>>> print(open('entry-v1.cif').read())   # mmCIF, N, CA, C and O atoms
data_entry
#
loop_
_atom_site.label_atom_id
_atom_site.label_comp_id
_atom_site.auth_asym_id
_atom_site.auth_seq_id
_atom_site.Cartn_x
_atom_site.Cartn_y
_atom_site.Cartn_z
N MET X 15 10.98 0.83 -11.84
CA MET X 15 10.33 1.48 -10.71
C MET X 15 8.82 1.48 -10.93
O MET X 15 8.26 2.44 -11.44
N HIS X 16 8.18 0.41 -10.58
CA HIS X 16 6.73 0.35 -10.74
C HIS X 16 6.00 1.18 -9.69
O HIS X 16 4.80 1.35 -9.77
N GLU X 17 6.72 1.73 -8.72
CA GLU X 17 6.10 2.57 -7.70
C GLU X 17 5.44 3.80 -8.33
O GLU X 17 4.40 4.25 -7.88
N TYR X 18 6.04 4.34 -9.41
CA TYR X 18 5.45 5.50 -10.07
C TYR X 18 4.12 5.15 -10.72
O TYR X 18 3.18 5.93 -10.68
N SER X 19 4.02 3.97 -11.32
CA SER X 19 2.73 3.57 -11.91
C SER X 19 1.71 3.29 -10.81
O SER X 19 0.51 3.55 -11.01
N ILE X 20 2.16 2.80 -9.67
CA ILE X 20 1.24 2.60 -8.53
C ILE X 20 0.71 3.94 -8.05
O ILE X 20 -0.49 4.09 -7.81
N VAL X 21 1.60 4.92 -7.94
CA VAL X 21 1.18 6.26 -7.50
C VAL X 21 0.24 6.88 -8.53
O VAL X 21 -0.74 7.53 -8.17
N GLN X 22 0.48 6.68 -9.82
CA GLN X 22 -0.42 7.20 -10.85
C GLN X 22 -1.82 6.60 -10.68
O GLN X 22 -2.81 7.33 -10.72
N ALA X 23 -1.90 5.29 -10.48
CA ALA X 23 -3.20 4.64 -10.29
C ALA X 23 -3.85 5.12 -8.99
O ALA X 23 -5.07 5.35 -8.95
N LEU X 24 -3.06 5.28 -7.94
CA LEU X 24 -3.58 5.78 -6.67
C LEU X 24 -4.14 7.18 -6.85
O LEU X 24 -5.25 7.49 -6.40
N TYR X 25 -3.39 8.04 -7.53
CA TYR X 25 -3.83 9.41 -7.77
C TYR X 25 -5.13 9.43 -8.58
O TYR X 25 -6.06 10.16 -8.25
N ASP X 26 -5.21 8.62 -9.62
CA ASP X 26 -6.43 8.56 -10.44
C ASP X 26 -7.63 8.17 -9.58
O ASP X 26 -8.72 8.74 -9.72
N SER X 27 -7.44 7.21 -8.69
CA SER X 27 -8.52 6.78 -7.79
C SER X 27 -8.90 7.90 -6.82
O SER X 27 -10.09 8.13 -6.57
N ILE X 28 -7.91 8.59 -6.29
CA ILE X 28 -8.17 9.69 -5.36
C ILE X 28 -8.96 10.80 -6.05
O ILE X 28 -9.94 11.32 -5.50
N VAL X 29 -8.56 11.16 -7.27
CA VAL X 29 -9.25 12.22 -8.01
C VAL X 29 -10.71 11.82 -8.27
O VAL X 29 -11.62 12.63 -8.12
N ALA X 30 -10.92 10.56 -8.64
CA ALA X 30 -12.29 10.10 -8.88
C ALA X 30 -13.13 10.16 -7.61
O ALA X 30 -14.28 10.62 -7.63
N GLN X 31 -12.56 9.73 -6.49
CA GLN X 31 -13.29 9.78 -5.21
C GLN X 31 -13.54 11.22 -4.78
O GLN X 31 -14.62 11.55 -4.28
N ALA X 32 -12.57 12.10 -4.97
CA ALA X 32 -12.73 13.51 -4.61
C ALA X 32 -13.84 14.14 -5.44
O ALA X 32 -14.64 14.93 -4.92
N ALA X 33 -13.91 13.80 -6.71
CA ALA X 33 -14.94 14.35 -7.59
C ALA X 33 -16.34 13.94 -7.15
O ALA X 33 -17.27 14.76 -7.16
N THR X 34 -16.50 12.68 -6.74
CA THR X 34 -17.83 12.23 -6.29
C THR X 34 -18.26 12.90 -5.00
O THR X 34 -19.44 13.00 -4.71
N ARG X 35 -17.29 13.41 -4.24
CA ARG X 35 -17.59 14.08 -2.96
C ARG X 35 -17.56 15.61 -3.08
O ARG X 35 -17.75 16.31 -2.10
N GLY X 36 -17.25 16.11 -4.28
CA GLY X 36 -17.17 17.54 -4.47
C GLY X 36 -15.98 18.18 -3.77
O GLY X 36 -15.98 19.36 -3.46
N ALA X 37 -14.93 17.41 -3.55
CA ALA X 37 -13.74 17.90 -2.84
C ALA X 37 -12.79 18.59 -3.82
O ALA X 37 -12.58 18.13 -4.93
N ALA X 38 -12.21 19.69 -3.36
CA ALA X 38 -11.24 20.42 -4.17
C ALA X 38 -9.81 20.16 -3.71
O ALA X 38 -8.86 20.43 -4.43
N THR X 39 -9.67 19.65 -2.50
CA THR X 39 -8.35 19.40 -1.91
C THR X 39 -8.37 18.09 -1.14
O THR X 39 -9.36 17.75 -0.51
N VAL X 40 -7.25 17.40 -1.18
CA VAL X 40 -7.08 16.18 -0.39
C VAL X 40 -6.05 16.49 0.69
O VAL X 40 -5.01 17.06 0.41
N HIS X 41 -6.39 16.13 1.93
CA HIS X 41 -5.52 16.45 3.06
C HIS X 41 -4.63 15.30 3.50
O HIS X 41 -3.54 15.52 4.03
N ALA X 42 -5.08 14.07 3.32
CA ALA X 42 -4.31 12.92 3.78
C ALA X 42 -4.64 11.69 2.94
O ALA X 42 -5.76 11.54 2.46
N VAL X 43 -3.63 10.84 2.79
CA VAL X 43 -3.79 9.58 2.07
C VAL X 43 -3.15 8.49 2.92
O VAL X 43 -2.03 8.65 3.38
N ARG X 44 -3.91 7.41 3.15
CA ARG X 44 -3.38 6.27 3.91
C ARG X 44 -3.32 5.07 2.98
O ARG X 44 -4.29 4.74 2.31
N VAL X 45 -2.15 4.42 2.99
CA VAL X 45 -1.92 3.28 2.11
C VAL X 45 -1.41 2.11 2.94
O VAL X 45 -0.52 2.27 3.77
N ARG X 46 -1.99 0.93 2.71
CA ARG X 46 -1.51 -0.29 3.35
C ARG X 46 -0.71 -1.07 2.31
O ARG X 46 -1.18 -1.29 1.20
N ILE X 47 0.49 -1.50 2.71
CA ILE X 47 1.37 -2.25 1.80
C ILE X 47 1.71 -3.59 2.44
O ILE X 47 2.22 -3.64 3.55
N GLY X 48 1.41 -4.66 1.71
CA GLY X 48 1.74 -5.99 2.20
C GLY X 48 3.23 -6.25 2.14
O GLY X 48 3.93 -5.81 1.21
N GLU X 49 3.73 -6.96 3.14
CA GLU X 49 5.16 -7.26 3.25
C GLU X 49 5.71 -7.94 1.99
O GLU X 49 6.85 -7.69 1.59
N LEU X 50 4.93 -8.79 1.36
CA LEU X 50 5.38 -9.54 0.19
C LEU X 50 4.92 -8.93 -1.12
O LEU X 50 4.98 -9.57 -2.17
N SER X 51 4.47 -7.67 -1.10
CA SER X 51 3.91 -7.02 -2.29
C SER X 51 4.97 -6.68 -3.34
O SER X 51 4.65 -6.48 -4.51
N GLY X 52 6.22 -6.55 -2.92
CA GLY X 52 7.27 -6.14 -3.84
C GLY X 52 7.36 -4.64 -4.01
O GLY X 52 8.12 -4.15 -4.85
N VAL X 53 6.58 -3.89 -3.23
CA VAL X 53 6.61 -2.43 -3.29
C VAL X 53 7.62 -1.92 -2.27
O VAL X 53 7.61 -2.33 -1.12
N ASP X 54 8.49 -1.02 -2.72
CA ASP X 54 9.48 -0.41 -1.84
C ASP X 54 8.85 0.83 -1.22
O ASP X 54 8.55 1.80 -1.93
N PRO X 55 8.61 0.82 0.10
CA PRO X 55 7.95 1.96 0.75
C PRO X 55 8.68 3.29 0.54
O PRO X 55 8.04 4.32 0.32
N GLY X 56 10.00 3.28 0.56
CA GLY X 56 10.77 4.51 0.34
C GLY X 56 10.56 5.07 -1.06
O GLY X 56 10.37 6.28 -1.24
N LEU X 57 10.60 4.19 -2.06
CA LEU X 57 10.37 4.62 -3.44
C LEU X 57 8.94 5.09 -3.64
O LEU X 57 8.69 6.04 -4.39
N LEU X 58 7.99 4.44 -2.97
CA LEU X 58 6.59 4.86 -3.08
C LEU X 58 6.42 6.27 -2.51
O LEU X 58 5.74 7.11 -3.11
N GLU X 59 7.03 6.54 -1.38
CA GLU X 59 6.95 7.88 -0.78
C GLU X 59 7.60 8.92 -1.68
O GLU X 59 7.06 10.02 -1.86
N THR X 60 8.74 8.59 -2.26
CA THR X 60 9.41 9.51 -3.18
C THR X 60 8.53 9.78 -4.40
O THR X 60 8.39 10.94 -4.83
N ALA X 61 7.96 8.73 -4.95
CA ALA X 61 7.07 8.89 -6.11
C ALA X 61 5.87 9.77 -5.74
O ALA X 61 5.47 10.63 -6.53
N TRP X 62 5.32 9.58 -4.55
CA TRP X 62 4.18 10.38 -4.11
C TRP X 62 4.56 11.86 -4.01
O TRP X 62 3.85 12.73 -4.51
N ARG X 63 5.69 12.14 -3.36
CA ARG X 63 6.12 13.54 -3.20
C ARG X 63 6.37 14.20 -4.57
O ARG X 63 6.06 15.37 -4.76
N THR X 64 6.89 13.44 -5.50
CA THR X 64 7.16 13.96 -6.84
C THR X 64 5.87 14.18 -7.61
O THR X 64 5.69 15.20 -8.26
N PHE X 65 4.97 13.23 -7.52
CA PHE X 65 3.76 13.23 -8.34
C PHE X 65 2.72 14.24 -7.88
O PHE X 65 1.99 14.79 -8.69
N LYS X 66 2.64 14.51 -6.59
CA LYS X 66 1.53 15.32 -6.06
C LYS X 66 1.67 16.83 -6.31
O LYS X 66 0.71 17.57 -6.11
N VAL X 67 2.83 17.26 -6.78
CA VAL X 67 3.07 18.69 -7.01
C VAL X 67 2.06 19.24 -8.02
O VAL X 67 1.82 18.64 -9.06
N HIS X 68 1.44 20.37 -7.68
CA HIS X 68 0.46 21.07 -8.52
C HIS X 68 -0.77 20.21 -8.82
O HIS X 68 -1.31 20.25 -9.92
N THR X 69 -1.20 19.41 -7.85
CA THR X 69 -2.42 18.62 -7.99
C THR X 69 -3.31 18.88 -6.77
O THR X 69 -2.90 19.59 -5.85
N ILE X 70 -4.48 18.28 -6.73
CA ILE X 70 -5.37 18.44 -5.57
C ILE X 70 -4.78 17.76 -4.33
O ILE X 70 -5.25 17.99 -3.23
N CYS X 71 -3.74 16.97 -4.53
CA CYS X 71 -3.08 16.27 -3.43
C CYS X 71 -1.82 16.97 -2.95
O CYS X 71 -1.07 16.43 -2.13
N GLU X 72 -1.56 18.17 -3.44
CA GLU X 72 -0.29 18.83 -3.16
C GLU X 72 0.02 18.94 -1.66
O GLU X 72 1.16 18.78 -1.25
N ASP X 73 -1.00 19.19 -0.85
CA ASP X 73 -0.79 19.33 0.59
C ASP X 73 -1.06 18.04 1.37
O ASP X 73 -1.00 18.03 2.59
N ALA X 74 -1.37 16.97 0.66
CA ALA X 74 -1.73 15.71 1.31
C ALA X 74 -0.48 14.96 1.79
O ALA X 74 0.48 14.78 1.05
N ARG X 75 -0.54 14.55 3.03
CA ARG X 75 0.52 13.71 3.58
C ARG X 75 0.12 12.25 3.37
O ARG X 75 -1.02 11.86 3.64
N MET X 76 1.06 11.44 2.91
CA MET X 76 0.79 10.02 2.73
C MET X 76 1.34 9.26 3.93
O MET X 76 2.50 9.40 4.29
N THR X 77 0.48 8.45 4.54
CA THR X 77 0.87 7.60 5.65
C THR X 77 0.87 6.15 5.16
O THR X 77 -0.13 5.69 4.58
N LEU X 78 1.97 5.46 5.37
CA LEU X 78 2.08 4.06 4.95
C LEU X 78 1.95 3.14 6.15
O LEU X 78 2.57 3.38 7.19
N GLU X 79 1.17 2.10 5.98
CA GLU X 79 1.06 1.04 7.00
C GLU X 79 1.60 -0.23 6.37
O GLU X 79 1.08 -0.70 5.36
N LEU X 80 2.65 -0.77 6.94
CA LEU X 80 3.23 -2.00 6.43
C LEU X 80 2.52 -3.18 7.09
O LEU X 80 2.50 -3.30 8.32
N VAL X 81 1.94 -4.04 6.29
CA VAL X 81 1.16 -5.18 6.77
C VAL X 81 2.03 -6.43 6.69
O VAL X 81 2.46 -6.82 5.60
N PRO X 82 2.28 -7.07 7.84
CA PRO X 82 3.12 -8.28 7.81
C PRO X 82 2.42 -9.43 7.07
O PRO X 82 1.20 -9.55 7.10
N ALA X 83 3.23 -10.24 6.42
CA ALA X 83 2.70 -11.41 5.72
C ALA X 83 2.25 -12.44 6.74
O ALA X 83 2.81 -12.54 7.84
N ARG X 84 1.22 -13.19 6.38
CA ARG X 84 0.77 -14.28 7.25
C ARG X 84 0.24 -15.40 6.36
O ARG X 84 -0.20 -15.18 5.24
N TRP X 85 0.31 -16.58 6.89
CA TRP X 85 -0.15 -17.76 6.18
C TRP X 85 -0.95 -18.61 7.15
O TRP X 85 -0.58 -18.76 8.31
N VAL X 86 -2.04 -19.16 6.68
CA VAL X 86 -2.91 -19.98 7.51
C VAL X 86 -3.05 -21.35 6.84
O VAL X 86 -3.28 -21.44 5.63
N CYS X 87 -2.92 -22.40 7.63
CA CYS X 87 -3.06 -23.77 7.11
C CYS X 87 -4.48 -23.97 6.60
O CYS X 87 -5.46 -23.67 7.30
N ARG X 88 -4.61 -24.49 5.41
CA ARG X 88 -5.94 -24.73 4.83
C ARG X 88 -6.66 -25.89 5.51
O ARG X 88 -7.88 -25.95 5.48
N ARG X 89 -5.91 -26.79 6.10
CA ARG X 89 -6.53 -27.96 6.73
C ARG X 89 -7.07 -27.63 8.12
O ARG X 89 -8.20 -27.96 8.45
N CYS X 90 -6.23 -26.99 8.96
CA CYS X 90 -6.64 -26.79 10.35
C CYS X 90 -6.92 -25.32 10.71
O CYS X 90 -7.47 -25.05 11.77
N GLY X 91 -6.52 -24.39 9.84
CA GLY X 91 -6.79 -22.98 10.08
C GLY X 91 -5.82 -22.28 11.03
O GLY X 91 -6.01 -21.13 11.36
N ARG X 92 -4.79 -23.00 11.46
CA ARG X 92 -3.81 -22.39 12.37
C ARG X 92 -2.80 -21.56 11.58
O ARG X 92 -2.43 -21.91 10.46
N PRO X 93 -2.31 -20.45 12.20
CA PRO X 93 -1.25 -19.67 11.53
C PRO X 93 0.04 -20.48 11.44
O PRO X 93 0.30 -21.31 12.30
N ALA X 94 0.79 -20.23 10.39
CA ALA X 94 2.06 -20.93 10.19
C ALA X 94 3.11 -19.90 9.79
O ALA X 94 2.78 -18.80 9.36
N PRO X 95 4.38 -20.24 9.94
CA PRO X 95 5.44 -19.30 9.57
C PRO X 95 5.37 -18.94 8.09
O PRO X 95 5.06 -19.78 7.25
N VAL X 96 5.69 -17.69 7.79
CA VAL X 96 5.69 -17.24 6.40
C VAL X 96 7.00 -17.59 5.73
O VAL X 96 7.05 -17.91 4.56
N ARG X 97 8.06 -17.54 6.45
CA ARG X 97 9.39 -17.80 5.90
C ARG X 97 9.66 -19.31 5.85
O ARG X 97 9.13 -20.08 6.64
N GLY X 98 10.51 -19.70 4.93
CA GLY X 98 10.91 -21.09 4.84
C GLY X 98 9.82 -21.97 4.25
O GLY X 98 9.00 -21.53 3.47
N ILE X 99 9.79 -23.21 4.67
CA ILE X 99 8.80 -24.17 4.15
C ILE X 99 7.46 -23.87 4.81
O ILE X 99 7.34 -23.80 6.01
N ARG X 100 6.45 -23.70 3.98
CA ARG X 100 5.12 -23.41 4.50
C ARG X 100 4.39 -24.72 4.81
O ARG X 100 3.58 -25.20 4.05
N ARG X 101 4.73 -25.25 5.94
CA ARG X 101 4.15 -26.51 6.37
C ARG X 101 3.61 -26.33 7.78
O ARG X 101 4.31 -25.83 8.66
N CYS X 102 2.43 -26.73 8.00
CA CYS X 102 1.82 -26.59 9.32
C CYS X 102 2.47 -27.57 10.31
O CYS X 102 2.57 -28.76 10.04
N ALA X 103 2.87 -27.05 11.44
CA ALA X 103 3.50 -27.89 12.47
C ALA X 103 2.48 -28.82 13.12
O ALA X 103 2.84 -29.85 13.68
N GLU X 104 1.21 -28.48 13.08
CA GLU X 104 0.16 -29.28 13.73
C GLU X 104 -0.34 -30.42 12.82
O GLU X 104 -0.74 -31.45 13.32
N CYS X 105 -0.36 -30.18 11.53
CA CYS X 105 -0.89 -31.21 10.61
C CYS X 105 0.23 -32.12 10.16
O CYS X 105 0.09 -33.07 9.52
#
>>> encode(input="entry-v1.cif", output="structure tokens")
Amino acid sequence: MHEYSIVQALYDSIVAQAATRGAATVHAVRVRIGELSGVDPGLLETAWRTFKVHTICEDARMTLELVPARWVCRRCGRPAPVRGIRRCAEC
């Protein structure tokens, strides 16, 4: 479950940013996850809920944005299908 190590790194980054701004509490966290990242959104949310207890993020709600994968042909710049063979239909 690498989601817990991701949440640990996320929390460390949040604490550092909060310190530079003089913040004592974090109210919201927004995370973008790429479709092909290998991160399980459900496990990430569970890890967040578990990890944030008794921290400056205790009341922070985490919002996840799932970013669809995309591929662009290097020759012509047109989008191509992500699934299957990554071959441009135009080239």
>>> select_by_dssp(input="entry-v1.cif", residues="chain X", states="helix (DSSP H, G or I)", output="PyMOL selection string")
chain X and resi 17-35+55-65
>>> resolve_selection(input="entry-v1.cif", expression="the PyMOL selection byres (((chain X and resi 63 and name CA) around 12) and name CA)", output="PDB file with N, CA, C and O atoms, in the coordinates of the input")
ATOM      1  N   GLU X  17       6.720   1.730  -8.720  1.00  0.00           N
ATOM      2  CA  GLU X  17       6.100   2.570  -7.700  1.00  0.00           C
ATOM      3  C   GLU X  17       5.440   3.800  -8.330  1.00  0.00           C
ATOM      4  O   GLU X  17       4.400   4.250  -7.880  1.00  0.00           O
ATOM      5  N   TYR X  18       6.040   4.340  -9.410  1.00  0.00           N
ATOM      6  CA  TYR X  18       5.450   5.500 -10.070  1.00  0.00           C
ATOM      7  C   TYR X  18       4.120   5.150 -10.720  1.00  0.00           C
ATOM      8  O   TYR X  18       3.180   5.930 -10.680  1.00  0.00           O
ATOM      9  N   VAL X  21       1.600   4.920  -7.940  1.00  0.00           N
ATOM     10  CA  VAL X  21       1.180   6.260  -7.500  1.00  0.00           C
ATOM     11  C   VAL X  21       0.240   6.880  -8.530  1.00  0.00           C
ATOM     12  O   VAL X  21      -0.740   7.530  -8.170  1.00  0.00           O
ATOM     13  N   GLN X  22       0.480   6.680  -9.820  1.00  0.00           N
ATOM     14  CA  GLN X  22      -0.420   7.200 -10.850  1.00  0.00           C
ATOM     15  C   GLN X  22      -1.820   6.600 -10.680  1.00  0.00           C
ATOM     16  O   GLN X  22      -2.810   7.330 -10.720  1.00  0.00           O
ATOM     17  N   TYR X  25      -3.390   8.040  -7.530  1.00  0.00           N
ATOM     18  CA  TYR X  25      -3.830   9.410  -7.770  1.00  0.00           C
ATOM     19  C   TYR X  25      -5.130   9.430  -8.580  1.00  0.00           C
ATOM     20  O   TYR X  25      -6.060  10.160  -8.250  1.00  0.00           O
ATOM     21  N   VAL X  43      -3.630  10.840   2.790  1.00  0.00           N
ATOM     22  CA  VAL X  43      -3.790   9.580   2.070  1.00  0.00           C
ATOM     23  C   VAL X  43      -3.150   8.490   2.920  1.00  0.00           C
ATOM     24  O   VAL X  43      -2.030   8.650   3.380  1.00  0.00           O
ATOM     25  N   GLY X  56      10.000   3.280   0.560  1.00  0.00           N
ATOM     26  CA  GLY X  56      10.770   4.510   0.340  1.00  0.00           C
ATOM     27  C   GLY X  56      10.560   5.070  -1.060  1.00  0.00           C
ATOM     28  O   GLY X  56      10.370   6.280  -1.240  1.00  0.00           O
ATOM     29  N   LEU X  57      10.600   4.190  -2.060  1.00  0.00           N
ATOM     30  CA  LEU X  57      10.370   4.620  -3.440  1.00  0.00           C
ATOM     31  C   LEU X  57       8.940   5.090  -3.640  1.00  0.00           C
ATOM     32  O   LEU X  57       8.690   6.040  -4.390  1.00  0.00           O
ATOM     33  N   LEU X  58       7.990   4.440  -2.970  1.00  0.00           N
ATOM     34  CA  LEU X  58       6.590   4.860  -3.080  1.00  0.00           C
ATOM     35  C   LEU X  58       6.420   6.270  -2.510  1.00  0.00           C
ATOM     36  O   LEU X  58       5.740   7.110  -3.110  1.00  0.00           O
ATOM     37  N   GLU X  59       7.030   6.540  -1.380  1.00  0.00           N
ATOM     38  CA  GLU X  59       6.950   7.880  -0.780  1.00  0.00           C
ATOM     39  C   GLU X  59       7.600   8.920  -1.680  1.00  0.00           C
ATOM     40  O   GLU X  59       7.060  10.020  -1.860  1.00  0.00           O
ATOM     41  N   THR X  60       8.740   8.590  -2.260  1.00  0.00           N
ATOM     42  CA  THR X  60       9.410   9.510  -3.180  1.00  0.00           C
ATOM     43  C   THR X  60       8.530   9.780  -4.400  1.00  0.00           C
ATOM     44  O   THR X  60       8.390  10.940  -4.830  1.00  0.00           O
ATOM     45  N   ALA X  61       7.960   8.730  -4.950  1.00  0.00           N
ATOM     46  CA  ALA X  61       7.070   8.890  -6.110  1.00  0.00           C
ATOM     47  C   ALA X  61       5.870   9.770  -5.740  1.00  0.00           C
ATOM     48  O   ALA X  61       5.470  10.630  -6.530  1.00  0.00           O
ATOM     49  N   TRP X  62       5.320   9.580  -4.550  1.00  0.00           N
ATOM     50  CA  TRP X  62       4.180  10.380  -4.110  1.00  0.00           C
ATOM     51  C   TRP X  62       4.560  11.860  -4.010  1.00  0.00           C
ATOM     52  O   TRP X  62       3.850  12.730  -4.510  1.00  0.00           O
ATOM     53  N   THR X  64       6.890  13.440  -5.500  1.00  0.00           N
ATOM     54  CA  THR X  64       7.160  13.960  -6.840  1.00  0.00           C
ATOM     55  C   THR X  64       5.870  14.180  -7.610  1.00  0.00           C
ATOM     56  O   THR X  64       5.690  15.200  -8.260  1.00  0.00           O
ATOM     57  N   PHE X  65       4.970  13.230  -7.520  1.00  0.00           N
ATOM     58  CA  PHE X  65       3.760  13.230  -8.340  1.00  0.00           C
ATOM     59  C   PHE X  65       2.720  14.240  -7.880  1.00  0.00           C
ATOM     60  O   PHE X  65       1.990  14.790  -8.690  1.00  0.00           O
ATOM     61  N   LYS X  66       2.640  14.510  -6.590  1.00  0.00           N
ATOM     62  CA  LYS X  66       1.530  15.320  -6.060  1.00  0.00           C
ATOM     63  C   LYS X  66       1.670  16.830  -6.310  1.00  0.00           C
ATOM     64  O   LYS X  66       0.710  17.570  -6.110  1.00  0.00           O
ATOM     65  N   VAL X  67       2.830  17.260  -6.780  1.00  0.00           N
ATOM     66  CA  VAL X  67       3.070  18.690  -7.010  1.00  0.00           C
ATOM     67  C   VAL X  67       2.060  19.240  -8.020  1.00  0.00           C
ATOM     68  O   VAL X  67       1.820  18.640  -9.060  1.00  0.00           O
ATOM     69  N   HIS X  68       1.440  20.370  -7.680  1.00  0.00           N
ATOM     70  CA  HIS X  68       0.460  21.070  -8.520  1.00  0.00           C
ATOM     71  C   HIS X  68      -0.770  20.210  -8.820  1.00  0.00           C
ATOM     72  O   HIS X  68      -1.310  20.250  -9.920  1.00  0.00           O
ATOM     73  N   THR X  69      -1.200  19.410  -7.850  1.00  0.00           N
ATOM     74  CA  THR X  69      -2.420  18.620  -7.990  1.00  0.00           C
ATOM     75  C   THR X  69      -3.310  18.880  -6.770  1.00  0.00           C
ATOM     76  O   THR X  69      -2.900  19.590  -5.850  1.00  0.00           O
ATOM     77  N   CYS X  71      -3.740  16.970  -4.530  1.00  0.00           N
ATOM     78  CA  CYS X  71      -3.080  16.270  -3.430  1.00  0.00           C
ATOM     79  C   CYS X  71      -1.820  16.970  -2.950  1.00  0.00           C
ATOM     80  O   CYS X  71      -1.070  16.430  -2.130  1.00  0.00           O
ATOM     81  N   GLU X  72      -1.560  18.170  -3.440  1.00  0.00           N
ATOM     82  CA  GLU X  72      -0.290  18.830  -3.160  1.00  0.00           C
ATOM     83  C   GLU X  72       0.020  18.940  -1.660  1.00  0.00           C
ATOM     84  O   GLU X  72       1.160  18.780  -1.250  1.00  0.00           O
ATOM     85  N   ASP X  73      -1.000  19.190  -0.850  1.00  0.00           N
ATOM     86  CA  ASP X  73      -0.790  19.330   0.590  1.00  0.00           C
ATOM     87  C   ASP X  73      -1.060  18.040   1.370  1.00  0.00           C
ATOM     88  O   ASP X  73      -1.000  18.030   2.590  1.00  0.00           O
ATOM     89  N   ALA X  74      -1.370  16.970   0.660  1.00  0.00           N
ATOM     90  CA  ALA X  74      -1.730  15.710   1.310  1.00  0.00           C
ATOM     91  C   ALA X  74      -0.480  14.960   1.790  1.00  0.00           C
ATOM     92  O   ALA X  74       0.480  14.780   1.050  1.00  0.00           O
ATOM     93  N   ARG X  75      -0.540  14.550   3.030  1.00  0.00           N
ATOM     94  CA  ARG X  75       0.520  13.710   3.580  1.00  0.00           C
ATOM     95  C   ARG X  75       0.120  12.250   3.370  1.00  0.00           C
ATOM     96  O   ARG X  75      -1.020  11.860   3.640  1.00  0.00           O
ATOM     97  N   MET X  76       1.060  11.440   2.910  1.00  0.00           N
ATOM     98  CA  MET X  76       0.790  10.020   2.730  1.00  0.00           C
ATOM     99  C   MET X  76       1.340   9.260   3.930  1.00  0.00           C
ATOM    100  O   MET X  76       2.500   9.400   4.290  1.00  0.00           O
ATOM    101  N   THR X  77       0.480   8.450   4.540  1.00  0.00           N
ATOM    102  CA  THR X  77       0.870   7.600   5.650  1.00  0.00           C
ATOM    103  C   THR X  77       0.870   6.150   5.160  1.00  0.00           C
ATOM    104  O   THR X  77      -0.130   5.690   4.580  1.00  0.00           O
TER     105      THR X  77
END
>>> atom_distance(input="entry-v1.cif", atom1="atom CA of X:Val81", atom2="atom CA of X:Ile20")
17.2 Å
>>> select_by_dssp(input="entry-v1.cif", residues="stretch 33-93 of chain X", states="strand (DSSP E or B)", output="ChimeraX atom specification")
/X:42-48,75-81,85-86,93
>>> resolve_selection(input="entry-v1.cif", expression="the PyMOL selection byres (((chain X and resi 89 and name CA) around 12) and name CA)", output="PyMOL selection string")
chain X and resi 86-88+90-94+101-105
>>> resolve_selection(input="entry-v1.cif", expression="the PyMOL selection byres ((chain X and resi 49) around 5)", output="list in words")
Ile47, Gly48, Leu50, Ser51, Gly52, Val81, Pro82 and Ala83 of chain X
>>> atom_distance(input="entry-v1.cif", atom1="atom CA of X:Val53", atom2="atom O of X:Pro95")
20.4 Å
>>> atom_distance(input="entry-v1.cif", atom1="atom C of X:Ala32", atom2="atom CA of X:Ile70")
9.5 Å
>>> closest_residue(input="entry-v1.cif", among="X:Ala30, X:Leu24, X:Leu78, X:Ala37", to="X:Pro55", atoms="only C-alpha atoms")
X:Leu78
>>> closest_residue(input="entry-v1.cif", among="X:Arg46, X:His41, X:His16, X:Arg97", to="X:Trp85", atoms="all atoms listed in the file")
X:Arg97
